[in-house]
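my_file.txt follows (compact mmCIF, C-alpha atoms and all ligand atoms):
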# COMPACT_ATOMS: atom_id res chain seq x y z
CA MET O 1 95.09 -60.38 -14.01
CA ALA O 2 95.31 -64.03 -12.91
CA LEU O 3 93.61 -63.14 -9.64
CA ALA O 4 90.80 -61.30 -11.45
CA ALA O 5 90.15 -64.23 -13.79
CA ALA O 6 90.12 -66.69 -10.90
CA GLY O 7 87.69 -64.37 -9.12
CA ARG O 8 85.23 -64.42 -12.05
CA VAL O 9 85.25 -68.22 -12.03
CA LEU O 10 84.67 -68.23 -8.29
CA LEU O 11 81.78 -65.78 -8.56
CA GLN O 12 80.10 -67.86 -11.25
CA ALA O 13 80.40 -70.87 -8.97
CA GLY O 14 79.25 -68.72 -6.05
CA SER O 15 75.98 -67.74 -7.68
CA ARG O 16 75.06 -71.44 -7.57
CA LEU O 17 75.94 -71.75 -3.91
CA GLY O 18 74.71 -70.33 -0.65
CA ARG O 19 71.63 -69.46 1.34
CA ARG O 20 70.71 -65.91 2.42
CA GLU O 21 68.72 -64.53 5.32
CA VAL O 22 68.53 -61.30 7.34
CA VAL O 23 69.17 -61.52 11.09
CA ASP O 24 69.25 -58.42 13.34
CA GLY O 25 69.82 -56.12 10.37
CA ALA O 26 72.86 -58.11 9.26
CA ARG O 27 72.65 -60.14 6.09
CA ARG O 28 73.76 -63.69 6.62
CA PHE O 29 74.87 -65.78 3.72
CA ALA O 30 75.98 -69.25 4.49
CA ASN O 31 77.59 -71.84 2.32
CA LYS O 32 78.03 -75.25 3.82
CA ARG O 33 81.49 -74.51 5.20
CA VAL O 34 81.61 -70.75 5.71
CA GLU O 35 79.08 -68.57 7.47
CA VAL O 36 79.12 -64.83 6.78
CA GLU O 37 77.33 -62.27 8.92
CA ALA O 38 77.48 -59.20 6.74
CA ASP O 39 76.49 -55.86 8.26
CA GLU O 40 76.51 -53.65 5.19
CA ALA O 41 75.52 -50.48 7.08
CA ALA O 42 78.50 -50.89 9.41
CA GLY O 43 80.74 -52.06 6.53
CA ILE O 44 81.89 -55.09 8.54
CA ALA O 45 81.46 -58.81 7.98
CA VAL O 46 82.24 -61.71 10.27
CA MET O 47 83.41 -64.82 8.41
CA LYS O 48 83.10 -68.00 10.45
CA LEU O 49 85.00 -71.10 9.41
CA LYS O 50 82.59 -74.01 9.64
CA ASN O 51 84.18 -77.17 8.31
CA PRO O 52 83.71 -79.85 10.99
CA PRO O 53 85.28 -81.49 12.78
CA VAL O 54 88.43 -79.31 12.83
CA ASN O 55 88.07 -76.62 10.12
CA SER O 56 90.71 -78.25 7.95
CA LEU O 57 91.34 -76.33 4.74
CA SER O 58 89.92 -78.87 2.29
CA LEU O 59 89.54 -78.02 -1.39
CA GLU O 60 85.79 -77.61 -0.95
CA PHE O 61 86.31 -75.34 2.04
CA LEU O 62 88.86 -73.22 0.15
CA THR O 63 86.49 -72.82 -2.81
CA GLU O 64 83.60 -71.74 -0.62
CA PHE O 65 85.76 -69.43 1.46
CA LEU O 66 87.20 -67.71 -1.63
CA ILE O 67 83.72 -67.23 -3.08
CA SER O 68 82.49 -65.59 0.13
CA LEU O 69 85.55 -63.36 0.37
CA GLU O 70 85.17 -62.33 -3.27
CA LYS O 71 81.55 -61.32 -2.67
CA LEU O 72 82.66 -59.01 0.14
CA GLU O 73 85.60 -57.62 -1.85
CA ASN O 74 83.28 -56.79 -4.72
CA ASN O 75 80.91 -54.80 -2.53
CA LYS O 76 82.60 -51.47 -1.85
CA ASN O 77 80.44 -50.98 1.26
CA PHE O 78 82.48 -53.61 3.08
CA ARG O 79 85.69 -52.30 4.58
CA GLY O 80 86.48 -54.86 7.26
CA VAL O 81 86.28 -58.59 7.89
CA ILE O 82 86.64 -60.49 11.16
CA LEU O 83 87.83 -64.07 10.66
CA THR O 84 86.93 -66.59 13.33
CA SER O 85 85.86 -70.17 13.88
CA GLU O 86 82.30 -71.28 14.27
CA ARG O 87 83.66 -73.99 16.58
CA PRO O 88 85.45 -72.45 19.58
CA GLY O 89 88.40 -74.68 20.50
CA VAL O 90 89.75 -75.10 16.98
CA PHE O 91 90.35 -72.09 14.77
CA SER O 92 91.69 -74.29 11.97
CA ALA O 93 93.68 -77.55 11.88
CA GLY O 94 95.45 -76.22 8.80
CA LEU O 95 95.68 -77.81 5.40
CA ASP O 96 93.55 -80.88 4.96
CA LEU O 97 95.92 -83.82 5.20
CA MET O 98 93.54 -85.99 3.17
CA GLU O 99 94.02 -83.62 0.21
CA MET O 100 97.75 -84.34 0.35
CA TYR O 101 97.70 -88.06 0.99
CA GLY O 102 97.05 -90.89 -1.47
CA ARG O 103 95.83 -88.64 -4.31
CA ASN O 104 97.12 -88.17 -7.85
CA PRO O 105 99.42 -85.39 -9.15
CA ALA O 106 96.56 -83.51 -10.86
CA HIS O 107 94.70 -83.36 -7.56
CA TYR O 108 97.78 -82.17 -5.69
CA ALA O 109 98.28 -79.41 -8.29
CA GLU O 110 94.64 -78.28 -8.07
CA TYR O 111 94.78 -78.27 -4.30
CA TRP O 112 98.02 -76.33 -4.10
CA ARG O 113 96.75 -73.68 -6.54
CA ALA O 114 93.75 -73.17 -4.24
CA VAL O 115 96.03 -72.88 -1.18
CA GLN O 116 98.14 -70.26 -2.99
CA GLU O 117 94.96 -68.42 -4.00
CA LEU O 118 93.75 -68.32 -0.40
CA TRP O 119 97.02 -66.81 0.77
CA LEU O 120 97.25 -64.28 -2.08
CA ARG O 121 93.65 -63.12 -1.68
CA LEU O 122 93.89 -62.70 2.07
CA TYR O 123 97.39 -61.24 2.09
CA LEU O 124 96.56 -58.69 -0.61
CA SER O 125 93.03 -57.91 0.52
CA ASN O 126 92.16 -54.21 0.48
CA MET O 127 89.83 -54.80 3.40
CA ILE O 128 90.89 -54.64 7.05
CA LEU O 129 91.30 -58.22 8.27
CA VAL O 130 91.08 -58.89 12.00
CA CYS O 131 91.60 -62.46 13.15
CA ALA O 132 89.72 -63.64 16.24
CA ILE O 133 91.63 -66.83 17.02
CA ASN O 134 89.24 -68.70 19.27
CA GLY O 135 91.07 -72.03 19.24
CA THR O 136 94.10 -73.98 18.18
CA SER O 137 95.67 -72.89 14.92
CA PRO O 138 98.54 -74.98 13.56
CA ALA O 139 100.28 -74.69 10.17
CA GLY O 140 97.83 -73.55 7.46
CA GLY O 141 95.54 -72.21 10.22
CA CYS O 142 98.41 -70.09 11.51
CA LEU O 143 99.17 -68.97 7.96
CA MET O 144 95.60 -67.73 7.52
CA ALA O 145 95.94 -65.74 10.75
CA LEU O 146 99.31 -64.35 9.64
CA THR O 147 97.72 -62.76 6.58
CA CYS O 148 95.49 -60.63 8.80
CA ASP O 149 96.21 -57.05 9.84
CA HIS O 150 95.58 -57.74 13.53
CA ARG O 151 95.42 -61.00 15.50
CA ILE O 152 93.62 -61.54 18.80
CA MET O 153 93.95 -64.90 20.53
CA ALA O 154 91.84 -66.45 23.28
CA ASP O 155 93.75 -66.83 26.53
CA ASN O 156 93.51 -70.59 26.91
CA PRO O 157 96.80 -72.47 27.42
CA LYS O 158 95.31 -75.50 25.66
CA TYR O 159 95.30 -73.55 22.38
CA THR O 160 98.46 -73.32 20.31
CA ILE O 161 99.55 -71.54 17.15
CA GLY O 162 102.58 -71.86 14.89
CA LEU O 163 104.01 -73.57 11.82
CA ASN O 164 104.50 -77.22 12.82
CA GLU O 165 105.11 -78.65 9.32
CA SER O 166 108.53 -79.98 10.29
CA GLN O 167 106.92 -82.27 12.86
CA LEU O 168 104.83 -83.85 10.10
CA GLY O 169 107.91 -84.53 7.97
CA ILE O 170 106.94 -81.81 5.49
CA VAL O 171 108.44 -78.41 4.82
CA ALA O 172 106.74 -75.02 5.02
CA PRO O 173 107.06 -73.48 1.52
CA PHE O 174 109.02 -70.26 1.00
CA TRP O 175 105.97 -67.98 1.16
CA PHE O 176 104.78 -69.48 4.48
CA LYS O 177 108.35 -68.93 5.70
CA ASP O 178 108.53 -65.35 4.36
CA ASN O 179 105.21 -64.42 5.99
CA PHE O 180 106.43 -65.90 9.27
CA VAL O 181 109.88 -64.24 9.11
CA ASN O 182 108.23 -60.86 8.44
CA THR O 183 106.09 -61.39 11.53
CA VAL O 184 108.52 -62.74 14.12
CA GLY O 185 112.02 -62.02 12.73
CA TYR O 186 114.61 -64.30 11.17
CA ARG O 187 116.18 -66.00 14.19
CA THR O 188 112.88 -66.81 15.90
CA ALA O 189 111.48 -68.13 12.62
CA GLU O 190 114.57 -70.24 11.90
CA HIS O 191 114.35 -71.86 15.32
CA ALA O 192 110.57 -72.33 15.38
CA LEU O 193 110.33 -73.64 11.80
CA GLN O 194 113.05 -76.27 12.19
CA LEU O 195 111.51 -77.61 15.38
CA GLY O 196 107.93 -77.16 14.11
CA LEU O 197 107.03 -75.35 17.32
CA LEU O 198 103.48 -74.58 18.39
CA PHE O 199 103.09 -71.82 20.97
CA PRO O 200 100.45 -71.23 23.63
CA PRO O 201 98.88 -67.74 23.63
CA ALA O 202 101.25 -66.05 26.12
CA GLU O 203 104.34 -67.16 24.16
CA ALA O 204 102.75 -66.36 20.82
CA LEU O 205 102.16 -62.85 22.12
CA LYS O 206 105.79 -62.45 23.25
CA LEU O 207 107.03 -63.52 19.81
CA GLY O 208 104.57 -61.28 17.95
CA ILE O 209 102.67 -64.16 16.30
CA VAL O 210 99.56 -62.58 17.79
CA ASP O 211 99.01 -58.94 18.74
CA GLU O 212 96.77 -59.43 21.76
CA VAL O 213 95.64 -62.19 24.11
CA VAL O 214 92.30 -61.69 25.82
CA PRO O 215 89.96 -63.83 27.95
CA GLU O 216 88.15 -66.34 25.81
CA ASP O 217 84.73 -64.72 26.23
CA GLN O 218 86.09 -61.34 25.09
CA VAL O 219 87.67 -62.38 21.78
CA HIS O 220 84.74 -61.23 19.68
CA SER O 221 84.06 -57.96 21.48
CA LYS O 222 87.77 -57.17 21.30
CA ALA O 223 87.80 -57.93 17.57
CA GLN O 224 84.90 -55.49 17.10
CA SER O 225 86.63 -52.72 19.05
CA VAL O 226 89.92 -53.24 17.20
CA MET O 227 88.00 -53.13 13.93
CA ALA O 228 86.42 -49.81 14.93
CA GLN O 229 89.91 -48.40 15.58
CA TRP O 230 91.15 -49.52 12.14
CA MET O 231 87.98 -48.26 10.42
CA ALA O 232 88.79 -44.75 11.68
CA ILE O 233 91.85 -44.64 9.38
CA PRO O 234 91.15 -43.34 5.84
CA ASP O 235 90.97 -46.32 3.49
CA HIS O 236 93.18 -44.86 0.77
CA SER O 237 96.17 -44.24 3.04
CA ARG O 238 95.78 -47.53 4.91
CA GLN O 239 95.41 -49.52 1.69
CA LEU O 240 98.37 -47.85 -0.04
CA THR O 241 100.50 -48.50 3.04
CA LYS O 242 99.40 -52.13 3.23
CA ASN O 243 100.18 -52.61 -0.43
CA MET O 244 103.57 -50.97 -0.06
CA MET O 245 104.41 -53.35 2.81
CA ARG O 246 103.09 -56.53 1.18
CA LYS O 247 103.33 -56.31 -2.61
CA ALA O 248 106.92 -57.48 -3.01
CA MET O 249 106.35 -60.65 -1.02
CA ALA O 250 103.14 -61.51 -2.87
CA ASP O 251 104.76 -60.76 -6.25
CA ASN O 252 107.49 -63.20 -5.35
CA LEU O 253 104.95 -66.02 -5.20
CA ILE O 254 102.96 -64.75 -8.22
CA LYS O 255 106.03 -64.87 -10.45
CA GLN O 256 106.96 -68.39 -9.30
CA ARG O 257 103.46 -69.74 -8.97
CA GLU O 258 103.69 -72.56 -11.51
CA ALA O 259 107.14 -73.62 -10.30
CA ASP O 260 105.86 -73.63 -6.72
CA ILE O 261 102.99 -75.93 -7.76
CA GLN O 262 105.36 -78.30 -9.55
CA ASN O 263 107.64 -78.30 -6.54
CA PHE O 264 104.73 -79.13 -4.23
CA VAL O 265 103.49 -81.92 -6.50
CA SER O 266 106.86 -83.61 -6.76
CA PHE O 267 107.57 -83.18 -3.04
CA ILE O 268 104.23 -84.47 -1.80
CA SER O 269 104.22 -87.40 -4.28
CA ARG O 270 107.45 -88.84 -2.87
CA ASP O 271 107.05 -92.19 -1.15
CA SER O 272 108.99 -90.96 1.88
CA ILE O 273 106.69 -87.93 2.31
CA GLN O 274 103.55 -90.02 1.86
CA LYS O 275 104.91 -92.37 4.51
CA SER O 276 105.48 -89.46 6.92
CA LEU O 277 101.91 -88.25 6.37
CA HIS O 278 100.60 -91.77 6.93
CA THR O 279 102.50 -92.00 10.22
CA TYR O 280 101.17 -88.60 11.33
CA LEU O 281 97.57 -89.52 10.43
CA GLU O 282 97.94 -92.75 12.41
CA LYS O 283 99.22 -90.75 15.39
CA LEU O 284 96.16 -88.49 15.20
CA LYS O 285 93.90 -91.55 15.20
CA GLN O 286 95.74 -93.22 18.11
CA LYS O 287 95.45 -90.06 20.19
CA LYS O 288 91.71 -90.80 20.25
CA GLY O 289 91.83 -94.45 21.27
C1 LIG O 301 106.93 -78.06 -0.72
C2 LIG O 301 105.66 -77.94 0.06
C3 LIG O 301 105.50 -78.93 1.15
C4 LIG O 301 104.15 -79.09 1.74
C5 LIG O 301 103.75 -78.00 2.62
C6 LIG O 301 102.41 -78.30 3.17
C7 LIG O 301 102.15 -77.50 4.29
C8 LIG O 301 101.20 -77.94 5.16
C9 LIG O 301 100.66 -77.11 6.18
C10 LIG O 301 99.55 -77.78 6.98
O1 LIG O 301 98.65 -77.07 7.31
S1 LIG O 301 99.62 -79.45 7.36
C11 LIG O 301 98.37 -79.70 8.60
C12 LIG O 301 98.94 -79.46 9.96
N1 LIG O 301 97.91 -79.64 10.95
C13 LIG O 301 98.10 -80.31 12.09
O2 LIG O 301 99.17 -80.80 12.38
C14 LIG O 301 96.90 -80.44 13.00
C15 LIG O 301 96.53 -81.85 13.20
N2 LIG O 301 95.34 -81.95 14.06
C16 LIG O 301 95.38 -81.83 15.38
O3 LIG O 301 96.40 -81.62 16.01
C17 LIG O 301 94.07 -81.98 16.10
O4 LIG O 301 93.17 -82.59 15.23
C18 LIG O 301 93.47 -80.64 16.59
C19 LIG O 301 93.41 -79.60 15.50
C20 LIG O 301 94.32 -80.14 17.78
C21 LIG O 301 92.02 -80.90 17.10
O5 LIG O 301 92.02 -81.92 18.05
P1 LIG O 301 90.65 -82.67 18.40
O6 LIG O 301 90.99 -83.60 19.51
O7 LIG O 301 89.57 -81.69 18.57
O8 LIG O 301 90.27 -83.50 17.08
P2 LIG O 301 90.94 -84.85 16.54
O9 LIG O 301 90.26 -86.00 17.19
O10 LIG O 301 92.42 -84.80 16.62
O11 LIG O 301 90.56 -84.78 14.99
C22 LIG O 301 89.23 -85.03 14.55
C23 LIG O 301 89.32 -85.62 13.16
O12 LIG O 301 89.90 -84.67 12.27
C24 LIG O 301 91.03 -85.24 11.62
N3 LIG O 301 92.02 -84.18 11.36
C25 LIG O 301 92.67 -83.45 12.25
N4 LIG O 301 93.45 -82.55 11.64
C26 LIG O 301 93.31 -82.74 10.32
C27 LIG O 301 93.88 -82.13 9.17
N5 LIG O 301 94.76 -81.12 9.23
N6 LIG O 301 93.50 -82.58 7.97
C28 LIG O 301 92.61 -83.59 7.85
N7 LIG O 301 92.04 -84.22 8.92
C29 LIG O 301 92.39 -83.79 10.14
C30 LIG O 301 91.54 -86.28 12.61
O13 LIG O 301 92.34 -87.23 11.97
C31 LIG O 301 90.24 -86.85 13.11
O14 LIG O 301 89.74 -87.71 12.09
P3 LIG O 301 88.93 -89.06 12.45
O15 LIG O 301 89.87 -89.91 13.27
O16 LIG O 301 87.74 -88.59 13.24
O17 LIG O 301 88.58 -89.65 11.14

Encoded form (structure tokens):
Amino acid sequence: MALAAAGRVLLQAGSRLGRREVVDGARRFANKRVEVEADEAAGIAVMKLKNPPVNSLSLEFLTEFLISLEKLENNKNFRGVILTSERPGVFSAGLDLMEMYGRNPAHYAEYWRAVQELWLRLYLSNMILVCAINGTSPAGGCLMALTCDHRIMADNPKYTIGLNESQLGIVAPFWFKDNFVNTVGYRTAEHALQLGLLFPPAEALKLGIVDEVVPEDQVHSKAQSVMAQWMAIPDHSRQLTKNMMRKAMADNLIKQREADIQNFVSFISRDSIQKSLHTYLEKLKQKKG
């Protein structure tokens, strides 16, 4: 119910956003931060994250992304979505640190609700989600990938993926942790989460964080062929199976959603946590100079 109501609000906002055109038979609708190439005849859409410089998951990005996803979900012709980055090199730098630093509690609450919504919508999507990870993908970027049914990563040792929250002095919430544990197993997750480890493609493959590693120039063709394989499975049996596997974990967040927001707000508002974020942001800046 809550998801449906949120969806209506998003759609109303969505009708005021976006630009449409037809390219090579595929409809393209682009908001500022998300580009969608929607091939209705094939039933597949490619969603490209386009929030420069590093595809951080800002509140504006999350809103636009959720609107685009909702449009696809509401059109029964679409059965599959490929998620990728418009900027090869960075899939997503994760949650936008500026949304969590130096803001007020109402802003933190609004932001966290949007982050929860992103996870719930992707994790519970009836569509087939294939993630074409064409760049680095820490923390929230990794979480987005973890919601997908199949993950393909570009074979470039410069790219890493994982949940590095611990290194920032923050803590991955229980539903990030649960999604990760269900993907890699308890012991690996316990170890990787405490150390905030980021893994290059070959290691991510060994641990099961990604399903395949392919040469960088083949990520998209591989995503298309994997999608074709998944599309051959009848929707009703695939969807019921997905729901059976995922519902309990999603319900666990849904029933604690407000408490999780309050927890986030009080955690992120602490002076010590703000100080850690400040230090991390400074480190990012210094890396440049
Ligand atoms: C109870 C609940 C507790 C809270 C739980 C919260 C959970 C949080 C999960 C998260 O997702 S936290 C975010 C974690 N992300 C990272 O650690 C990634 C940080 N970024 C990088 O490592 C690099 O930027 C990159 C992604 C490897 C890309 O490197 P590149 O050299 O291409 O670009 P940079 O020069 O480093 O960055 C450009 C520009 O972007 C800013 N920036 C980078 N990442 C973020 C971000 N996540 N949010 C906001 N801004 C970001 C960076 O500071 C640069 O800014 P300027 O200096 O140009 O102003």

Would you list the contacts of Pro53 (chain O) as a PDB file with C-alpha atoms, in the frame of the given file, taking every protein, DNA or RNA residue within 9 Å and counting all atoms listed in the file, but skipping same-chain residues closer than 3 positions in sequence?
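File produced: around.pdb:
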ATOM      1  CA  LYS O  50      82.590 -74.010   9.640  1.00  0.00           C
ATOM      2  CA  SER O  56      90.710 -78.250   7.950  1.00  0.00           C
ATOM      3  CA  ARG O  87      83.660 -73.990  16.580  1.00  0.00           C
ATOM      4  CA  VAL O  90      89.750 -75.100  16.980  1.00  0.00           C
TER       5      VAL O  90
END

Cut-off 8 Å, all atoms listed in the file, neighbours of ligand LIG 301 (chain O) as an mmCIF file with C-alpha atoms, in the frame of the given file:
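Full text of result08.cif as output:
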data_model
loop_
_atom_site.group_PDB
_atom_site.id
_atom_site.type_symbol
_atom_site.label_atom_id
_atom_site.label_comp_id
_atom_site.auth_asym_id
_atom_site.auth_seq_id
_atom_site.Cartn_x
_atom_site.Cartn_y
_atom_site.Cartn_z
ATOM 1 C CA PRO O 52 83.710 -79.850 10.990
ATOM 2 C CA PRO O 53 85.280 -81.490 12.780
ATOM 3 C CA VAL O 54 88.430 -79.310 12.830
ATOM 4 C CA SER O 56 90.710 -78.250 7.950
ATOM 5 C CA LEU O 57 91.340 -76.330 4.740
ATOM 6 C CA SER O 58 89.920 -78.870 2.290
ATOM 7 C CA GLY O 89 88.400 -74.680 20.500
ATOM 8 C CA VAL O 90 89.750 -75.100 16.980
ATOM 9 C CA SER O 92 91.690 -74.290 11.970
ATOM 10 C CA ALA O 93 93.680 -77.550 11.880
ATOM 11 C CA GLY O 94 95.450 -76.220 8.800
ATOM 12 C CA LEU O 95 95.680 -77.810 5.400
ATOM 13 C CA ASP O 96 93.550 -80.880 4.960
ATOM 14 C CA LEU O 97 95.920 -83.820 5.200
ATOM 15 C CA MET O 98 93.540 -85.990 3.170
ATOM 16 C CA GLU O 99 94.020 -83.620 0.210
ATOM 17 C CA THR O 136 94.100 -73.980 18.180
ATOM 18 C CA SER O 137 95.670 -72.890 14.920
ATOM 19 C CA PRO O 138 98.540 -74.980 13.560
ATOM 20 C CA ALA O 139 100.280 -74.690 10.170
ATOM 21 C CA GLY O 140 97.830 -73.550 7.460
ATOM 22 C CA GLY O 141 95.540 -72.210 10.220
ATOM 23 C CA LEU O 163 104.010 -73.570 11.820
ATOM 24 C CA ASN O 164 104.500 -77.220 12.820
ATOM 25 C CA GLU O 165 105.110 -78.650 9.320
ATOM 26 C CA GLN O 167 106.920 -82.270 12.860
ATOM 27 C CA LEU O 168 104.830 -83.850 10.100
ATOM 28 C CA ILE O 170 106.940 -81.810 5.490
ATOM 29 C CA VAL O 171 108.440 -78.410 4.820
ATOM 30 C CA ALA O 172 106.740 -75.020 5.020
ATOM 31 C CA PRO O 173 107.060 -73.480 1.520
ATOM 32 C CA ASP O 260 105.860 -73.630 -6.720
ATOM 33 C CA ASN O 263 107.640 -78.300 -6.540
ATOM 34 C CA PHE O 264 104.730 -79.130 -4.230
ATOM 35 C CA VAL O 265 103.490 -81.920 -6.500
ATOM 36 C CA PHE O 267 107.570 -83.180 -3.040
ATOM 37 C CA ILE O 268 104.230 -84.470 -1.800
ATOM 38 C CA LEU O 281 97.570 -89.520 10.430
ATOM 39 C CA GLU O 282 97.940 -92.750 12.410
ATOM 40 C CA LEU O 284 96.160 -88.490 15.200
ATOM 41 C CA LYS O 285 93.900 -91.550 15.200
ATOM 42 C CA LYS O 287 95.450 -90.060 20.190
ATOM 43 C CA LYS O 288 91.710 -90.800 20.250
#

Pick from O:Gln218, O:Ser276, O:Asn179, O:Asn75 nearest to Asp39 (chain O), counting all atoms listed in the file:
O:Asn75

Sorted per-residue table, region 94-207 of chain O near region 233-254 of chain O, closest atoms and distance, 10 Å, only C-alpha atoms, as CSV:
residue,atom,partner,partner_atom,distance
O:Gln116,CA,O:Leu253,CA,8.3
O:Glu117,CA,O:Ile254,CA,9.8
O:Trp119,CA,O:Ala250,CA,8.9
O:Leu120,CA,O:Ala250,CA,6.6
O:Arg121,CA,O:Ala250,CA,9.7
O:Tyr123,CA,O:Arg246,CA,7.4
O:Leu124,CA,O:Asn243,CA,7.1
O:Ser125,CA,O:Gln239,CA,8.8
O:Asn126,CA,O:Gln239,CA,5.8
O:Met127,CA,O:Gln239,CA,7.9
O:Ile128,CA,O:Gln239,CA,8.7
O:Thr147,CA,O:Arg246,CA,9.8
O:Asp149,CA,O:Lys242,CA,8.8
O:Phe174,CA,O:Leu253,CA,8.5
O:Trp175,CA,O:Leu253,CA,6.7
O:Asp178,CA,O:Met249,CA,7.5
O:Asn179,CA,O:Met249,CA,8.0
O:Asn182,CA,O:Met249,CA,9.6

Quick one: pull the distance between CA of Asp211 (chain O) and CA of Ser85 (chain O), Å, one decimal.
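Between CA of Asp211 (chain O) and CA of Ser85 (chain O) the gap works out to 18.0 Å.
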
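Taking only C-alpha atoms into account, Phe78 (chain O) lies nearest to O:Met231 out of the set O:Leu66, O:Ala192, O:Ala132, O:Met231.
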
Work out how far apart CA of Gly80 (chain O) and CA of Leu122 (chain O) are and give it in Å to one decimal.
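These two atoms are separated by 12.0 Å.
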
Report as JSON the centre and the edge lengths, in Å to one decimal, of the axis-aligned box holding every listed atom of region 170-179 of chain O, padded by 8 Å on each side.
{"center_x": 106.9, "center_y": -73.1, "center_z": 3.5, "size_x": 20.2, "size_y": 33.4, "size_z": 21.0}

Here CA of Asn134 (chain O) and CA of Thr84 (chain O) stand apart by 6.7 Å

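Among the candidates O:Tyr280, O:Pro105, O:Arg151, O:Ile67, the residue lying nearest to Ala223 (chain O) is O:Arg151 (atoms considered: only C-alpha atoms).
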
Considering all atoms listed in the file, state which residue in the set O:Ala41, O:Val36, O:Leu59, O:Leu277 is at the smallest distance from Ile82 (chain O).
O:Val36

Nearest to Leu143 (chain O), chosen from O:Trp230, O:Tyr108, O:Tyr159, O:Phe180, with only C-alpha atoms counted in the distances:
O:Phe180

For Ala204 (chain O), which of O:Ser225, O:Gln286, O:Ser266, O:Thr188 is the closest residue, counting all atoms listed in the file?
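Among O:Ser225, O:Gln286, O:Ser266, O:Thr188, it is O:Thr188 that comes nearest to Ala204 (chain O).
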
Select all residues near (100.4, -61.1, 21.1) (cut-off 8 Å, inclusive, file coordinates), counting only C-alpha atoms, and output them as a JSON list (two decimals) with C-alpha atoms, keeping the file's coordinate frame.
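Heads up, here's the output in selection.json:
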[["chain", "number", "residue", "atom", "x", "y", "z"],
["O", 151, "ARG", "CA", 95.42, -61.00, 15.50],
["O", 152, "ILE", "CA", 93.62, -61.54, 18.80],
["O", 153, "MET", "CA", 93.95, -64.90, 20.53],
["O", 201, "PRO", "CA", 98.88, -67.74, 23.63],
["O", 202, "ALA", "CA", 101.25, -66.05, 26.12],
["O", 203, "GLU", "CA", 104.34, -67.16, 24.16],
["O", 204, "ALA", "CA", 102.75, -66.36, 20.82],
["O", 205, "LEU", "CA", 102.16, -62.85, 22.12],
["O", 206, "LYS", "CA", 105.79, -62.45, 23.25],
["O", 207, "LEU", "CA", 107.03, -63.52, 19.81],
["O", 208, "GLY", "CA", 104.57, -61.28, 17.95],
["O", 209, "ILE", "CA", 102.67, -64.16, 16.30],
["O", 210, "VAL", "CA", 99.56, -62.58, 17.79],
["O", 211, "ASP", "CA", 99.01, -58.94, 18.74],
["O", 212, "GLU", "CA", 96.77, -59.43, 21.76],
["O", 213, "VAL", "CA", 95.64, -62.19, 24.11]]
